[in-house]
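Participant: Structure file upload_24.pdb (PDB, C-alpha atoms) is given on the next line.
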```
ATOM      1  CA  MET A   4     133.976 -37.167  69.191  1.00  0.00           C
ATOM      2  CA  HIS A   5     133.410 -33.580  70.265  1.00  0.00           C
ATOM      3  CA  PRO A   6     135.762 -31.568  72.493  1.00  0.00           C
ATOM      4  CA  ALA A   7     135.568 -32.204  76.226  1.00  0.00           C
ATOM      5  CA  THR A   8     133.334 -29.134  76.621  1.00  0.00           C
ATOM      6  CA  THR A   9     130.518 -30.823  74.676  1.00  0.00           C
ATOM      7  CA  PHE A  10     129.049 -34.267  75.321  1.00  0.00           C
ATOM      8  CA  GLU A  11     126.951 -35.654  72.454  1.00  0.00           C
ATOM      9  CA  VAL A  12     124.154 -38.190  72.894  1.00  0.00           C
ATOM     10  CA  LEU A  13     122.776 -39.967  69.829  1.00  0.00           C
ATOM     11  CA  PHE A  14     119.451 -41.821  70.045  1.00  0.00           C
ATOM     12  CA  VAL A  15     118.692 -44.504  67.463  1.00  0.00           C
ATOM     13  CA  CYS A  16     115.443 -46.193  66.460  1.00  0.00           C
ATOM     14  CA  THR A  17     114.152 -47.523  63.146  1.00  0.00           C
ATOM     15  CA  GLY A  18     112.389 -44.739  61.270  1.00  0.00           C
ATOM     16  CA  ASN A  19     113.529 -41.765  63.400  1.00  0.00           C
ATOM     17  CA  LEU A  20     109.906 -40.674  63.498  1.00  0.00           C
ATOM     18  CA  HIS A  21     108.593 -41.646  66.941  1.00  0.00           C
ATOM     19  CA  ARG A  22     110.769 -43.008  69.750  1.00  0.00           C
ATOM     20  CA  SER A  23     114.152 -41.446  69.037  1.00  0.00           C
ATOM     21  CA  PRO A  24     112.768 -37.947  68.254  1.00  0.00           C
ATOM     22  CA  VAL A  25     110.827 -38.029  71.539  1.00  0.00           C
ATOM     23  CA  ALA A  26     114.009 -39.048  73.367  1.00  0.00           C
ATOM     24  CA  GLU A  27     116.089 -36.429  71.561  1.00  0.00           C
ATOM     25  CA  ARG A  28     113.803 -33.488  72.181  1.00  0.00           C
ATOM     26  CA  LEU A  29     112.977 -34.376  75.803  1.00  0.00           C
ATOM     27  CA  LEU A  30     116.619 -34.931  76.748  1.00  0.00           C
ATOM     28  CA  ALA A  31     117.614 -31.692  75.010  1.00  0.00           C
ATOM     29  CA  ALA A  32     115.021 -29.907  77.153  1.00  0.00           C
ATOM     30  CA  ALA A  33     116.380 -31.497  80.329  1.00  0.00           C
ATOM     31  CA  LEU A  34     120.117 -30.914  79.784  1.00  0.00           C
ATOM     32  CA  PRO A  35     122.035 -27.639  79.968  1.00  0.00           C
ATOM     33  CA  GLU A  36     123.367 -26.063  76.806  1.00  0.00           C
ATOM     34  CA  PRO A  37     126.055 -25.848  75.500  1.00  0.00           C
ATOM     35  CA  ARG A  38     127.541 -28.688  77.571  1.00  0.00           C
ATOM     36  CA  PHE A  39     125.368 -31.239  75.813  1.00  0.00           C
ATOM     37  CA  ARG A  40     124.329 -31.897  72.246  1.00  0.00           C
ATOM     38  CA  VAL A  41     121.482 -34.326  71.554  1.00  0.00           C
ATOM     39  CA  ARG A  42     120.705 -35.885  68.164  1.00  0.00           C
ATOM     40  CA  SER A  43     118.793 -38.855  66.775  1.00  0.00           C
ATOM     41  CA  ALA A  44     118.716 -41.056  63.685  1.00  0.00           C
ATOM     42  CA  GLY A  45     117.027 -44.166  62.323  1.00  0.00           C
ATOM     43  CA  THR A  46     118.467 -47.400  60.995  1.00  0.00           C
ATOM     44  CA  GLY A  47     115.949 -47.373  58.139  1.00  0.00           C
ATOM     45  CA  ALA A  48     114.972 -43.711  58.113  1.00  0.00           C
ATOM     46  CA  ARG A  49     114.107 -41.555  55.129  1.00  0.00           C
ATOM     47  CA  PRO A  50     113.808 -37.751  55.288  1.00  0.00           C
ATOM     48  CA  ALA A  51     110.348 -36.979  56.637  1.00  0.00           C
ATOM     49  CA  PRO A  52     108.703 -34.647  59.157  1.00  0.00           C
ATOM     50  CA  LEU A  53     107.130 -35.802  62.390  1.00  0.00           C
ATOM     51  CA  ASP A  54     103.487 -36.829  62.310  1.00  0.00           C
ATOM     52  CA  GLU A  55     101.002 -34.756  64.268  1.00  0.00           C
ATOM     53  CA  VAL A  56     100.645 -37.301  67.098  1.00  0.00           C
ATOM     54  CA  THR A  57     104.375 -37.430  67.838  1.00  0.00           C
ATOM     55  CA  ARG A  58     104.728 -33.669  67.449  1.00  0.00           C
ATOM     56  CA  ALA A  59     101.929 -33.058  69.939  1.00  0.00           C
ATOM     57  CA  LEU A  60     103.365 -35.541  72.435  1.00  0.00           C
ATOM     58  CA  ILE A  61     106.813 -33.956  72.345  1.00  0.00           C
ATOM     59  CA  ASP A  62     105.334 -30.510  72.943  1.00  0.00           C
ATOM     60  CA  GLU A  63     103.016 -31.767  75.699  1.00  0.00           C
ATOM     61  CA  LEU A  64     105.838 -33.515  77.544  1.00  0.00           C
ATOM     62  CA  GLY A  65     108.101 -30.475  77.586  1.00  0.00           C
ATOM     63  CA  GLY A  66     110.153 -30.777  74.410  1.00  0.00           C
ATOM     64  CA  ASP A  67     110.331 -28.675  71.257  1.00  0.00           C
ATOM     65  CA  ALA A  68     109.085 -30.505  68.169  1.00  0.00           C
ATOM     66  CA  ARG A  69     109.881 -27.733  65.680  1.00  0.00           C
ATOM     67  CA  GLU A  70     112.238 -28.141  62.719  1.00  0.00           C
ATOM     68  CA  PHE A  71     112.661 -31.886  62.883  1.00  0.00           C
ATOM     69  CA  THR A  72     113.408 -34.081  59.867  1.00  0.00           C
ATOM     70  CA  ALA A  73     114.146 -37.782  60.123  1.00  0.00           C
ATOM     71  CA  ARG A  74     117.663 -38.828  59.105  1.00  0.00           C
ATOM     72  CA  ARG A  75     119.291 -42.165  58.403  1.00  0.00           C
ATOM     73  CA  LEU A  76     121.952 -43.511  60.769  1.00  0.00           C
ATOM     74  CA  ASP A  77     125.504 -43.617  59.414  1.00  0.00           C
ATOM     75  CA  ALA A  78     128.967 -44.350  60.767  1.00  0.00           C
ATOM     76  CA  GLY A  79     129.895 -40.679  60.946  1.00  0.00           C
ATOM     77  CA  GLN A  80     127.088 -39.909  63.382  1.00  0.00           C
ATOM     78  CA  ILE A  81     128.184 -42.772  65.620  1.00  0.00           C
ATOM     79  CA  ALA A  82     131.829 -41.702  65.459  1.00  0.00           C
ATOM     80  CA  GLY A  83     130.843 -38.198  66.521  1.00  0.00           C
ATOM     81  CA  ALA A  84     128.774 -39.265  69.533  1.00  0.00           C
ATOM     82  CA  ASP A  85     130.030 -39.795  73.073  1.00  0.00           C
ATOM     83  CA  LEU A  86     127.041 -42.009  73.910  1.00  0.00           C
ATOM     84  CA  VAL A  87     124.855 -43.960  71.466  1.00  0.00           C
ATOM     85  CA  LEU A  88     121.513 -45.195  72.813  1.00  0.00           C
ATOM     86  CA  GLY A  89     119.250 -47.487  70.808  1.00  0.00           C
ATOM     87  CA  LEU A  90     115.601 -47.789  71.667  1.00  0.00           C
ATOM     88  CA  GLU A  91     115.879 -51.568  71.145  1.00  0.00           C
ATOM     89  CA  ARG A  92     118.769 -54.013  71.096  1.00  0.00           C
ATOM     90  CA  CYS A  93     118.686 -54.259  67.294  1.00  0.00           C
ATOM     91  CA  HIS A  94     119.425 -50.535  67.062  1.00  0.00           C
ATOM     92  CA  ARG A  95     122.431 -50.832  69.365  1.00  0.00           C
ATOM     93  CA  GLU A  96     123.694 -53.783  67.343  1.00  0.00           C
ATOM     94  CA  THR A  97     123.323 -51.909  64.051  1.00  0.00           C
ATOM     95  CA  ALA A  98     125.296 -48.978  65.449  1.00  0.00           C
ATOM     96  CA  VAL A  99     128.116 -51.294  66.492  1.00  0.00           C
ATOM     97  CA  ARG A 100     128.171 -52.955  63.067  1.00  0.00           C
ATOM     98  CA  LEU A 101     128.434 -49.572  61.369  1.00  0.00           C
ATOM     99  CA  HIS A 102     131.241 -48.368  63.650  1.00  0.00           C
ATOM    100  CA  PRO A 103     132.713 -51.254  65.695  1.00  0.00           C
ATOM    101  CA  VAL A 104     135.157 -49.119  67.696  1.00  0.00           C
ATOM    102  CA  ALA A 105     132.132 -47.482  69.349  1.00  0.00           C
ATOM    103  CA  LEU A 106     131.123 -50.740  71.078  1.00  0.00           C
ATOM    104  CA  ARG A 107     131.862 -49.488  74.608  1.00  0.00           C
ATOM    105  CA  ARG A 108     129.679 -46.422  74.161  1.00  0.00           C
ATOM    106  CA  CYS A 109     126.695 -48.127  72.518  1.00  0.00           C
ATOM    107  CA  PHE A 110     123.786 -49.287  74.706  1.00  0.00           C
ATOM    108  CA  THR A 111     120.034 -49.315  74.663  1.00  0.00           C
ATOM    109  CA  LEU A 112     118.517 -46.400  76.554  1.00  0.00           C
ATOM    110  CA  ARG A 113     117.038 -48.622  79.246  1.00  0.00           C
ATOM    111  CA  GLU A 114     120.173 -50.768  79.442  1.00  0.00           C
ATOM    112  CA  PHE A 115     122.359 -47.727  80.157  1.00  0.00           C
ATOM    113  CA  VAL A 116     120.037 -46.506  82.894  1.00  0.00           C
ATOM    114  CA  ARG A 117     119.735 -50.017  84.366  1.00  0.00           C
ATOM    115  CA  LEU A 118     123.487 -50.576  84.497  1.00  0.00           C
ATOM    116  CA  LEU A 119     124.124 -47.327  86.335  1.00  0.00           C
ATOM    117  CA  ASP A 120     121.086 -47.576  88.580  1.00  0.00           C
ATOM    118  CA  GLY A 121     122.640 -50.623  90.219  1.00  0.00           C
ATOM    119  CA  ALA A 122     126.209 -49.342  90.281  1.00  0.00           C
ATOM    120  CA  GLY A 123     126.142 -48.149  93.891  1.00  0.00           C
ATOM    121  CA  THR A 124     128.213 -45.083  92.988  1.00  0.00           C
ATOM    122  CA  SER A 125     127.509 -41.844  91.169  1.00  0.00           C
ATOM    123  CA  PRO A 126     129.815 -41.089  88.210  1.00  0.00           C
ATOM    124  CA  GLY A 127     131.272 -37.618  88.356  1.00  0.00           C
ATOM    125  CA  THR A 128     131.094 -36.798  84.644  1.00  0.00           C
ATOM    126  CA  PRO A 129     129.141 -38.073  81.626  1.00  0.00           C
ATOM    127  CA  HIS A 130     132.303 -39.680  80.218  1.00  0.00           C
ATOM    128  CA  GLU A 131     132.849 -41.496  83.523  1.00  0.00           C
ATOM    129  CA  ALA A 132     129.229 -42.685  83.386  1.00  0.00           C
ATOM    130  CA  VAL A 133     129.821 -44.239  79.960  1.00  0.00           C
ATOM    131  CA  ARG A 134     132.994 -45.983  81.141  1.00  0.00           C
ATOM    132  CA  LEU A 135     131.264 -47.290  84.272  1.00  0.00           C
ATOM    133  CA  ALA A 136     128.277 -48.600  82.317  1.00  0.00           C
ATOM    134  CA  ALA A 137     130.595 -50.349  79.842  1.00  0.00           C
ATOM    135  CA  SER A 138     132.507 -52.020  82.653  1.00  0.00           C
ATOM    136  CA  ARG A 139     129.322 -53.178  84.362  1.00  0.00           C
ATOM    137  CA  ARG A 140     127.876 -54.644  81.177  1.00  0.00           C
ATOM    138  CA  GLY A 141     130.380 -57.466  81.424  1.00  0.00           C
ATOM    139  CA  GLN A 142     129.480 -58.100  85.064  1.00  0.00           C
ATOM    140  CA  VAL A 143     125.685 -57.843  85.083  1.00  0.00           C
ATOM    141  CA  ILE A 144     123.548 -60.549  83.498  1.00  0.00           C
ATOM    142  CA  PRO A 145     121.180 -58.923  80.992  1.00  0.00           C
ATOM    143  CA  PRO A 146     117.452 -59.594  81.288  1.00  0.00           C
ATOM    144  CA  PRO A 147     116.278 -62.541  79.171  1.00  0.00           C
ATOM    145  CA  ASP A 148     113.382 -60.670  77.588  1.00  0.00           C
ATOM    146  CA  GLU A 149     113.169 -57.407  75.683  1.00  0.00           C
ATOM    147  CA  SER A 150     112.806 -55.238  78.790  1.00  0.00           C
ATOM    148  CA  ASP A 151     115.856 -53.224  77.733  1.00  0.00           C
ATOM    149  CA  GLY A 152     113.880 -51.992  74.738  1.00  0.00           C
ATOM    150  CA  ILE A 153     110.843 -49.813  74.075  1.00  0.00           C
ATOM    151  CA  PRO A 154     108.560 -51.194  71.318  1.00  0.00           C
ATOM    152  CA  ASP A 155     107.861 -49.277  68.117  1.00  0.00           C
ATOM    153  CA  PRO A 156     104.387 -47.648  68.102  1.00  0.00           C
ATOM    154  CA  TYR A 157     104.398 -47.229  64.315  1.00  0.00           C
ATOM    155  CA  GLY A 158     100.904 -47.781  62.935  1.00  0.00           C
ATOM    156  CA  ALA A 159      99.340 -48.039  66.385  1.00  0.00           C
ATOM    157  CA  ALA A 160      96.551 -45.978  67.930  1.00  0.00           C
ATOM    158  CA  PRO A 161      97.364 -42.594  69.527  1.00  0.00           C
ATOM    159  CA  ALA A 162      96.981 -44.115  72.987  1.00  0.00           C
ATOM    160  CA  VAL A 163      99.807 -46.547  72.227  1.00  0.00           C
ATOM    161  CA  HIS A 164     101.985 -43.712  70.953  1.00  0.00           C
ATOM    162  CA  ARG A 165     101.360 -41.875  74.196  1.00  0.00           C
ATOM    163  CA  ALA A 166     102.201 -44.922  76.302  1.00  0.00           C
ATOM    164  CA  ARG A 167     105.485 -45.424  74.424  1.00  0.00           C
ATOM    165  CA  ALA A 168     106.309 -41.715  74.716  1.00  0.00           C
ATOM    166  CA  LEU A 169     105.808 -41.859  78.476  1.00  0.00           C
ATOM    167  CA  GLU A 170     108.115 -44.886  78.669  1.00  0.00           C
ATOM    168  CA  VAL A 171     110.746 -42.970  76.723  1.00  0.00           C
ATOM    169  CA  ARG A 172     110.263 -39.928  78.939  1.00  0.00           C
ATOM    170  CA  ALA A 173     110.769 -41.915  82.148  1.00  0.00           C
ATOM    171  CA  ALA A 174     114.032 -43.378  80.858  1.00  0.00           C
ATOM    172  CA  VAL A 175     115.189 -40.020  79.513  1.00  0.00           C
ATOM    173  CA  LEU A 176     114.648 -38.260  82.826  1.00  0.00           C
ATOM    174  CA  ALA A 177     116.606 -40.998  84.596  1.00  0.00           C
ATOM    175  CA  LEU A 178     119.340 -40.544  81.989  1.00  0.00           C
ATOM    176  CA  ALA A 179     119.380 -36.787  82.545  1.00  0.00           C
ATOM    177  CA  GLY A 180     119.868 -37.373  86.255  1.00  0.00           C
ATOM    178  CA  ILE A 181     122.831 -39.636  85.516  1.00  0.00           C
ATOM    179  CA  LEU A 182     124.472 -37.182  83.135  1.00  0.00           C
ATOM    180  CA  THR A 183     123.893 -34.170  85.393  1.00  0.00           C
ATOM    181  CA  PRO A 184     124.091 -35.394  89.020  1.00  0.00           C
ATOM    182  CA  GLY A 185     122.238 -33.141  91.415  1.00  0.00           C
ATOM    183  CA  SER A 186     119.840 -31.809  88.796  1.00  0.00           C
ATOM    184  CA  SER A 187     116.109 -32.346  88.931  1.00  0.00           C
ATOM    185  CA  GLY A 188     116.265 -34.253  85.672  1.00  0.00           C
ATOM    186  CA  SER A 189     112.981 -32.667  84.627  1.00  0.00           C
ATOM    187  CA  PRO A 190     112.498 -30.267  81.708  1.00  0.00           C
ATOM    188  CA  SER A 191     109.906 -28.280  83.635  1.00  0.00           C
ATOM    189  CA  ALA A 192     107.323 -28.453  86.361  1.00  0.00           C
ATOM    190  CA  ALA A 193     104.679 -28.367  83.664  1.00  0.00           C
ATOM    191  CA  THR A 194     106.168 -31.463  82.108  1.00  0.00           C
ATOM    192  CA  SER A 195     105.934 -33.345  85.398  1.00  0.00           C
ATOM    193  CA  SER A 196     102.334 -32.345  85.787  1.00  0.00           C
ATOM    194  CA  ALA A 197     101.489 -33.482  82.278  1.00  0.00           C
ATOM    195  CA  ALA A 198     103.032 -36.904  82.771  1.00  0.00           C
ATOM    196  CA  GLY A 199     101.520 -37.256  86.211  1.00  0.00           C
ATOM    197  CA  SER A 200      98.054 -36.815  84.793  1.00  0.00           C
ATOM    198  CA  ALA A 201      98.553 -39.514  82.160  1.00  0.00           C
TER
END
```
Would you mind writing the file out in structure tokens?
Facilitator:
Amino acid sequence: MHPATTFEVLFVCTGNLHRSPVAERLLAAALPEPRFRVRSAGTGARPAPLDEVTRALIDELGGDAREFTARRLDAGQIAGADLVLGLERCHRETAVRLHPVALRRCFTLREFVRLLDGAGTSPGTPHEAVRLAASRRGQVIPPPDESDGIPDPYGAAPAVHRARALEVRAAVLALAGILTPGSSGSPSAATSSAAGSA
């Protein structure tokens, strides 16, 4: 993992072309540099640029879509991250299989937010947030459905891509508030306006 001065978040989806790039670029816009480093990867990704729909959504919602190339998830990326967040449970499980010692810092994005939303206490640091979420995972019964995940919009109409991107954005802004208590958790006022008009 990185030195205590830098906290790295790694988002994981399947192709690293839609959900995890949106999460990466929106969280990077919401968190202060250089305290945080945000990356993403895909369990089945091949090097490829973002499509125009995803690129436009990232820019519209307050992120920076420039210079992005999909990359495949590997054990080294997981070992280097302080927090690994899959967009679905299968992504979290793949990360754990690749690097089992990372189990207590691997969650789905929505799972992590859900566990800390009901904690009743605000963690003081990002590392404390990860430890608290891991401890609560053994105490809180997970939902029976797939509500901890955000479905893949691959091959769907632009409206579906937008709906999924807004779901990712809502979870990412909640995550930003957890990692930086007291912050607005919003990349910009313009971003809030854009999402509010959706």
Participant: Find, counting all atoms listed in the file, the residue in A:Leu112, A:Val41, A:Ala33, A:Leu182 that gets nearest to Thr128 of chain A.
Facilitator: A:Leu182
Participant: Could you tell me which of A:Gly158, A:Pro146, A:Gly66, A:Gly123 comes closest to Ala32 of chain A if we count all atoms listed in the file?
Facilitator: A:Gly66
Participant: Around (124.5, -58.5, 78.8) in the file's own coordinates, what residues are found within 12 Å if you use all atoms listed in the file, given back as a VMD selection string?
Facilitator: chain A and resid 92 110 to 111 114 to 115 117 to 118 136 to 149 151
Participant: How would the residues just picked look written out with C-alpha atoms as a PDB file, in the coordinates of the input?
Facilitator:
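That gives us selection.pdb:
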```
ATOM      1  CA  ARG A  92     118.769 -54.013  71.096  1.00  0.00           C
ATOM      2  CA  PHE A 110     123.786 -49.287  74.706  1.00  0.00           C
ATOM      3  CA  THR A 111     120.034 -49.315  74.663  1.00  0.00           C
ATOM      4  CA  GLU A 114     120.173 -50.768  79.442  1.00  0.00           C
ATOM      5  CA  PHE A 115     122.359 -47.727  80.157  1.00  0.00           C
ATOM      6  CA  ARG A 117     119.735 -50.017  84.366  1.00  0.00           C
ATOM      7  CA  LEU A 118     123.487 -50.576  84.497  1.00  0.00           C
ATOM      8  CA  ALA A 136     128.277 -48.600  82.317  1.00  0.00           C
ATOM      9  CA  ALA A 137     130.595 -50.349  79.842  1.00  0.00           C
ATOM     10  CA  SER A 138     132.507 -52.020  82.653  1.00  0.00           C
ATOM     11  CA  ARG A 139     129.322 -53.178  84.362  1.00  0.00           C
ATOM     12  CA  ARG A 140     127.876 -54.644  81.177  1.00  0.00           C
ATOM     13  CA  GLY A 141     130.380 -57.466  81.424  1.00  0.00           C
ATOM     14  CA  GLN A 142     129.480 -58.100  85.064  1.00  0.00           C
ATOM     15  CA  VAL A 143     125.685 -57.843  85.083  1.00  0.00           C
ATOM     16  CA  ILE A 144     123.548 -60.549  83.498  1.00  0.00           C
ATOM     17  CA  PRO A 145     121.180 -58.923  80.992  1.00  0.00           C
ATOM     18  CA  PRO A 146     117.452 -59.594  81.288  1.00  0.00           C
ATOM     19  CA  PRO A 147     116.278 -62.541  79.171  1.00  0.00           C
ATOM     20  CA  ASP A 148     113.382 -60.670  77.588  1.00  0.00           C
ATOM     21  CA  GLU A 149     113.169 -57.407  75.683  1.00  0.00           C
ATOM     22  CA  ASP A 151     115.856 -53.224  77.733  1.00  0.00           C
TER      23      ASP A 151
END
```
Participant: Fewer than 4 positions away in the same chain doesn't count, so skip those; otherwise give me all residues within 8 Å of Val116 of chain A, counting only C-alpha atoms, as a list in words.
Facilitator: Leu112, Asp120, Ala174, Ala177, Leu178 and Ile181 of chain A
Participant: Write out as an MDAnalysis selection string each polymer residue whose atoms come within 12 Å of Glu36 of chain A, counting only C-alpha atoms; drop sequence neighbours fewer than 3 positions from it.
Facilitator: chainID A and resid 8:11 30:33 39:41 183
Participant: For Leu29 of chain A, which residue out of A:Ala162, A:Val15, A:Val56, A:Ile61 is the nearest one, using only C-alpha atoms?
Facilitator: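 Residue with the minimum atom-to-atom distance to Leu29 of chain A: A:Ile61.
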